[in-house]
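Participant: My questions all concern the structure below.
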Amino acid sequence: MERRVQSILVASHNIMHGLRLPQLVATYRSLATTLDLGVLCLQENRVAGEATPAELIGRALGEGFEVICRGENAQLAVIFDHRRVSVREELIIPLPKLKVLGKLAHLYMAEAEPEQKYALVCTVTPHGGAPFTLVNFHLDAAGSNHHREEQLAAVSTTLVARDLHHRLIAVGDANVFTLRHKKHREAYEALLAPLTELGAVDPETRPTHFFSRSREPKIAQRLARAIGKLRLDLPRRYDVICSNLAPLARGQVATPDSDHDLLWGRFDVSATTEQREEVRQWA
């Protein structure tokens with residue numbers, strides 16, 4: 001049964017390639033039952049075997065949920081409750097690609113060559129509400145913050161060119177990092193500037209990434225985990241939920257079974273009479 005939707009809860013999580021997926025599923029179920037999860041965006045949706053982690057999560061959440069993850073962009077996924085919203089994939093944006101990996105990248109990167117990254121763009125239409133654009137991205141871990149700024153600028157430019165920026169929720173793993181904690185907020189704000197110019201903001205400042213929780217196999221990741229457990233971690237805010245819709249609430253869920261915490265935001269998606277008419281015509 002479809003429900004008339006006035007607000008929507010959108011969550012975003014980097015699932016660490018689903019290495020500890022059974023433990024994470026309980027968190028997603030809790031979001032669905034206690035906070036009325038509408039849309040869950042995932043990064044590092046490992047493509048291996050007959051089903052991706054996103055597809056397994058969708059099944060675990062129940063028959064009301066559907067999954068978008070396919071093709072060359074399958075490492076990004078969108079899981080949504082079709083009783084609350086309909087989702088139409090609009091486009092996949094290829095992000096600027098590194099020409100070469102740094103000399104130390106092999107210590108923490110699984111790939112031997114630069115990876116082509118993408119952003120997934122969808123139109124989400126809440127039942128009885130006004131549609132909005134949803135963007136799910138995962139910027140390069142390798143390369144500089146300036147490179148990541150260029151990647152997010154490419155997303156912003158494409159959204160404006162396609163006229164998809166007026167009602168926007170952009171989520172993902174920005175991978176912004178500075179060694180000095182005092183410099184991080186400056187770098188974080190510079191990276192998000194292209195979205196800020198569209199009115200899409202994330203006012204939160206709490207760290208979301210913790211090296212001490214990494215369970216990935218590369219030597220640098222194992223070393224960072226060991227150092228982090230000695231209370232020498234370098235927690236930083238990698239993950240974002242930026243929007244120019246009216247926020248009703250925001251939250252962060254500690255997820256020890258991923259090196260990233262989960263973020264969520266509840267946004268006002270109520271529609272005027274004119275907007276509801278536009279939705280009917282579009283449908």
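Each chain in the structure tokens gets a letter, A, B, ..., in the order shown, and its residues are numbered from 1; ligands are numbered from 1 in order too.
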Just want the 9 Å neighbourhood of segment 238-249 of chain A, counted on only C-alpha atoms, with same-chain residues fewer than 4 positions away dropped. Output as an mmCIF file with C-alpha atoms, in the first residue's frame.
Facilitator:
```cif
data_model
loop_
_atom_site.group_PDB
_atom_site.id
_atom_site.type_symbol
_atom_site.label_atom_id
_atom_site.label_comp_id
_atom_site.auth_asym_id
_atom_site.auth_seq_id
_atom_site.Cartn_x
_atom_site.Cartn_y
_atom_site.Cartn_z
ATOM 1 C CA SER A 7 8.855 13.884 4.868
ATOM 2 C CA LEU A 9 14.419 9.848 5.734
ATOM 3 C CA VAL A 10 17.497 9.437 3.542
ATOM 4 C CA ALA A 11 20.511 7.531 4.873
ATOM 5 C CA SER A 12 24.021 7.067 3.514
ATOM 6 C CA HIS A 13 26.660 4.510 4.425
ATOM 7 C CA ASN A 14 30.006 3.257 3.163
ATOM 8 C CA PHE A 132 13.756 15.750 -5.741
ATOM 9 C CA HIS A 165 19.750 20.978 -8.926
ATOM 10 C CA HIS A 166 16.723 22.875 -7.607
ATOM 11 C CA ARG A 167 15.559 20.239 -5.095
ATOM 12 C CA LEU A 168 18.661 18.292 -4.215
ATOM 13 C CA ILE A 169 19.948 15.738 -1.722
ATOM 14 C CA ALA A 170 23.576 14.749 -2.357
ATOM 15 C CA VAL A 171 25.158 12.044 -0.230
ATOM 16 C CA GLY A 172 28.317 10.015 -0.228
ATOM 17 C CA ASP A 173 31.897 9.455 0.837
ATOM 18 C CA ALA A 174 33.986 12.537 0.033
ATOM 19 C CA ASN A 175 37.268 11.001 1.293
ATOM 20 C CA VAL A 176 38.498 14.460 2.302
ATOM 21 C CA PHE A 177 41.538 14.149 4.560
ATOM 22 C CA TYR A 188 35.964 19.982 3.938
ATOM 23 C CA LEU A 192 31.758 20.912 -0.729
ATOM 24 C CA LEU A 195 27.192 21.948 -3.653
ATOM 25 C CA THR A 196 27.070 24.892 -1.244
ATOM 26 C CA LEU A 198 23.525 25.274 -5.095
ATOM 27 C CA GLY A 199 22.248 25.845 -1.567
ATOM 28 C CA ALA A 200 22.951 22.235 -0.573
ATOM 29 C CA VAL A 201 24.648 22.192 2.822
ATOM 30 C CA ASP A 202 25.689 19.772 5.535
ATOM 31 C CA PRO A 203 26.166 21.673 8.816
ATOM 32 C CA GLU A 204 27.454 18.695 10.798
ATOM 33 C CA PRO A 207 33.990 12.596 12.404
ATOM 34 C CA THR A 208 32.507 9.738 10.407
ATOM 35 C CA HIS A 209 35.606 7.723 9.412
ATOM 36 C CA HIS A 260 32.408 4.687 8.390
ATOM 37 C CA ASP A 261 29.461 5.742 10.530
ATOM 38 C CA LEU A 262 26.027 5.893 8.932
ATOM 39 C CA LEU A 263 24.437 9.306 8.388
ATOM 40 C CA TRP A 264 20.755 10.080 7.989
ATOM 41 C CA GLY A 265 18.613 13.121 7.389
ATOM 42 C CA ARG A 266 14.881 13.679 7.388
ATOM 43 C CA PHE A 267 13.687 16.282 4.894
ATOM 44 C CA ASP A 268 10.427 18.027 4.126
ATOM 45 C CA VAL A 269 9.145 16.763 0.759
#
```
Participant: Restricting the calculation to only C-alpha atoms, which member of A:His146, A:Lys97, A:Ser270, A:Thr33 is positioned closest to Ala190 of chain A?
Facilitator: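 Comparing A:His146, A:Lys97, A:Ser270, A:Thr33 against Ala190 of chain A, the winner is A:His146.
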Participant: To test your reading of the structure, identify every residue in segment 69-268 of chain A that backbone DSSP assigns to helix (DSSP H, G or I), and report it as a PyMOL selection string.
Facilitator: chain A and resi 71-73+105-107+145-161+181-191+193-196+211-213+219-232
Participant: Between atom CA of Leu19 of chain A and atom CA of Glu55 of chain A, what is the spacing in Å?
Facilitator: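 Separating atom CA of Glu55 of chain A from atom CA of Leu19 of chain A is a distance of 14.5 Å.
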Participant: For the structure I just gave you, how does DSSP split segment 2-240 of chain A - specifically, which residues are strand (DSSP E)? Reply as a ChimeraX atom specification.
Facilitator: /A:7-14,37-43,65-68,77-81,85-94,118-126,132-138,168-173,239-240
Participant: Using only C-alpha atoms, which of the listed residues (A:Tyr28, A:Phe65, A:Phe137, A:Phe210) sits closest to Arg84 of chain A?
Facilitator: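 Smallest distance to Arg84 of chain A is found for A:Phe65.
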Participant: Measuring between only C-alpha atoms, which one of A:Gly58, A:Val39, A:Arg70, A:Pro194 shows the shortest distance to Val160 of chain A?
Facilitator: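 Nearest candidate to Val160 of chain A out of A:Gly58, A:Val39, A:Arg70, A:Pro194: A:Pro194.
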Participant: Quick one: everything within 12 Å of Arg20 of chain A, counting only C-alpha atoms, minus sequence neighbours fewer than 3 positions away in the same chain. Send it as a PDB file with N, CA and C atoms, in the first residue's frame.
Facilitator:
```
ATOM      1  N   ASN A  14      28.943   4.011   3.819  1.00  0.00           N
ATOM      2  CA  ASN A  14      30.006   3.257   3.163  1.00  0.00           C
ATOM      3  C   ASN A  14      30.131   1.941   3.921  1.00  0.00           C
ATOM      4  N   ILE A  15      29.862   0.833   3.247  1.00  0.00           N
ATOM      5  CA  ILE A  15      29.717  -0.453   3.931  1.00  0.00           C
ATOM      6  C   ILE A  15      31.009  -1.270   3.973  1.00  0.00           C
ATOM      7  N   MET A  16      32.141  -0.645   3.632  1.00  0.00           N
ATOM      8  CA  MET A  16      33.443  -1.319   3.722  1.00  0.00           C
ATOM      9  C   MET A  16      33.415  -2.638   2.939  1.00  0.00           C
ATOM     10  N   HIS A  17      32.896  -2.535   1.702  1.00  0.00           N
ATOM     11  CA  HIS A  17      32.820  -3.683   0.789  1.00  0.00           C
ATOM     12  C   HIS A  17      31.969  -4.826   1.338  1.00  0.00           C
ATOM     13  N   GLN A  23      26.413  -8.173  10.361  1.00  0.00           N
ATOM     14  CA  GLN A  23      26.330  -7.320  11.542  1.00  0.00           C
ATOM     15  C   GLN A  23      25.686  -5.975  11.206  1.00  0.00           C
ATOM     16  N   LEU A  24      25.895  -5.484   9.978  1.00  0.00           N
ATOM     17  CA  LEU A  24      25.347  -4.186   9.587  1.00  0.00           C
ATOM     18  C   LEU A  24      23.848  -4.243   9.290  1.00  0.00           C
ATOM     19  N   VAL A  25      23.376  -5.401   8.862  1.00  0.00           N
ATOM     20  CA  VAL A  25      21.970  -5.516   8.480  1.00  0.00           C
ATOM     21  C   VAL A  25      21.043  -5.132   9.631  1.00  0.00           C
ATOM     22  N   ALA A  26      21.444  -5.460  10.862  1.00  0.00           N
ATOM     23  CA  ALA A  26      20.607  -5.120  12.020  1.00  0.00           C
ATOM     24  C   ALA A  26      20.423  -3.613  12.130  1.00  0.00           C
ATOM     25  N   THR A  27      21.451  -2.840  11.783  1.00  0.00           N
ATOM     26  CA  THR A  27      21.345  -1.371  11.817  1.00  0.00           C
ATOM     27  C   THR A  27      20.328  -0.892  10.800  1.00  0.00           C
ATOM     28  N   ARG A  46      30.362  -3.985  -2.999  1.00  0.00           N
ATOM     29  CA  ARG A  46      31.270  -4.906  -3.695  1.00  0.00           C
ATOM     30  C   ARG A  46      30.521  -5.765  -4.705  1.00  0.00           C
ATOM     31  N   PRO A  53      26.104  -6.880  -1.920  1.00  0.00           N
ATOM     32  CA  PRO A  53      25.623  -6.575  -0.569  1.00  0.00           C
ATOM     33  C   PRO A  53      24.317  -5.791  -0.578  1.00  0.00           C
ATOM     34  N   ARG A 213      38.739   1.071  12.788  1.00  0.00           N
ATOM     35  CA  ARG A 213      37.671   0.112  12.493  1.00  0.00           C
ATOM     36  C   ARG A 213      37.846  -0.553  11.131  1.00  0.00           C
ATOM     37  N   SER A 214      38.900  -0.199  10.416  1.00  0.00           N
ATOM     38  CA  SER A 214      39.117  -0.790   9.096  1.00  0.00           C
ATOM     39  C   SER A 214      39.481  -2.260   9.218  1.00  0.00           C
ATOM     40  N   ARG A 215      38.869  -3.057   8.356  1.00  0.00           N
ATOM     41  CA  ARG A 215      39.208  -4.482   8.304  1.00  0.00           C
ATOM     42  C   ARG A 215      39.615  -4.895   6.885  1.00  0.00           C
ATOM     43  N   GLU A 216      39.999  -3.902   6.100  1.00  0.00           N
ATOM     44  CA  GLU A 216      40.431  -4.202   4.739  1.00  0.00           C
ATOM     45  C   GLU A 216      41.859  -4.738   4.755  1.00  0.00           C
ATOM     46  N   THR A 255      28.678   2.664  13.677  1.00  0.00           N
ATOM     47  CA  THR A 255      28.627   1.320  13.091  1.00  0.00           C
ATOM     48  C   THR A 255      30.018   0.695  13.179  1.00  0.00           C
ATOM     49  N   PRO A 256      30.339   0.042  14.277  1.00  0.00           N
ATOM     50  CA  PRO A 256      31.677  -0.538  14.468  1.00  0.00           C
ATOM     51  C   PRO A 256      32.063  -1.566  13.414  1.00  0.00           C
ATOM     52  N   ASP A 257      31.100  -2.087  12.669  1.00  0.00           N
ATOM     53  CA  ASP A 257      31.392  -3.092  11.658  1.00  0.00           C
ATOM     54  C   ASP A 257      31.657  -2.494  10.281  1.00  0.00           C
ATOM     55  N   SER A 258      31.806  -1.183  10.233  1.00  0.00           N
ATOM     56  CA  SER A 258      32.337  -0.484   9.061  1.00  0.00           C
ATOM     57  C   SER A 258      33.285   0.579   9.573  1.00  0.00           C
ATOM     58  N   ASP A 259      34.232   1.002   8.729  1.00  0.00           N
ATOM     59  CA  ASP A 259      35.115   2.089   9.143  1.00  0.00           C
ATOM     60  C   ASP A 259      34.438   3.449   9.004  1.00  0.00           C
TER      61      ASP A 259
END
```
Participant: Using only C-alpha atoms for the distances, tell me which of A:Leu91, A:Leu56, A:Ala51, A:Leu179 is nearest to Arg236 of chain A.
Facilitator: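 Counting only C-alpha atoms, the residue closest to Arg236 of chain A is A:Leu179.
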Participant: Would you mind telling me which residue in A:Val100, A:Leu95, A:Val85, A:Leu35 lies nearest to Ala130 of chain A when using only C-alpha atoms?
Facilitator: A:Val85
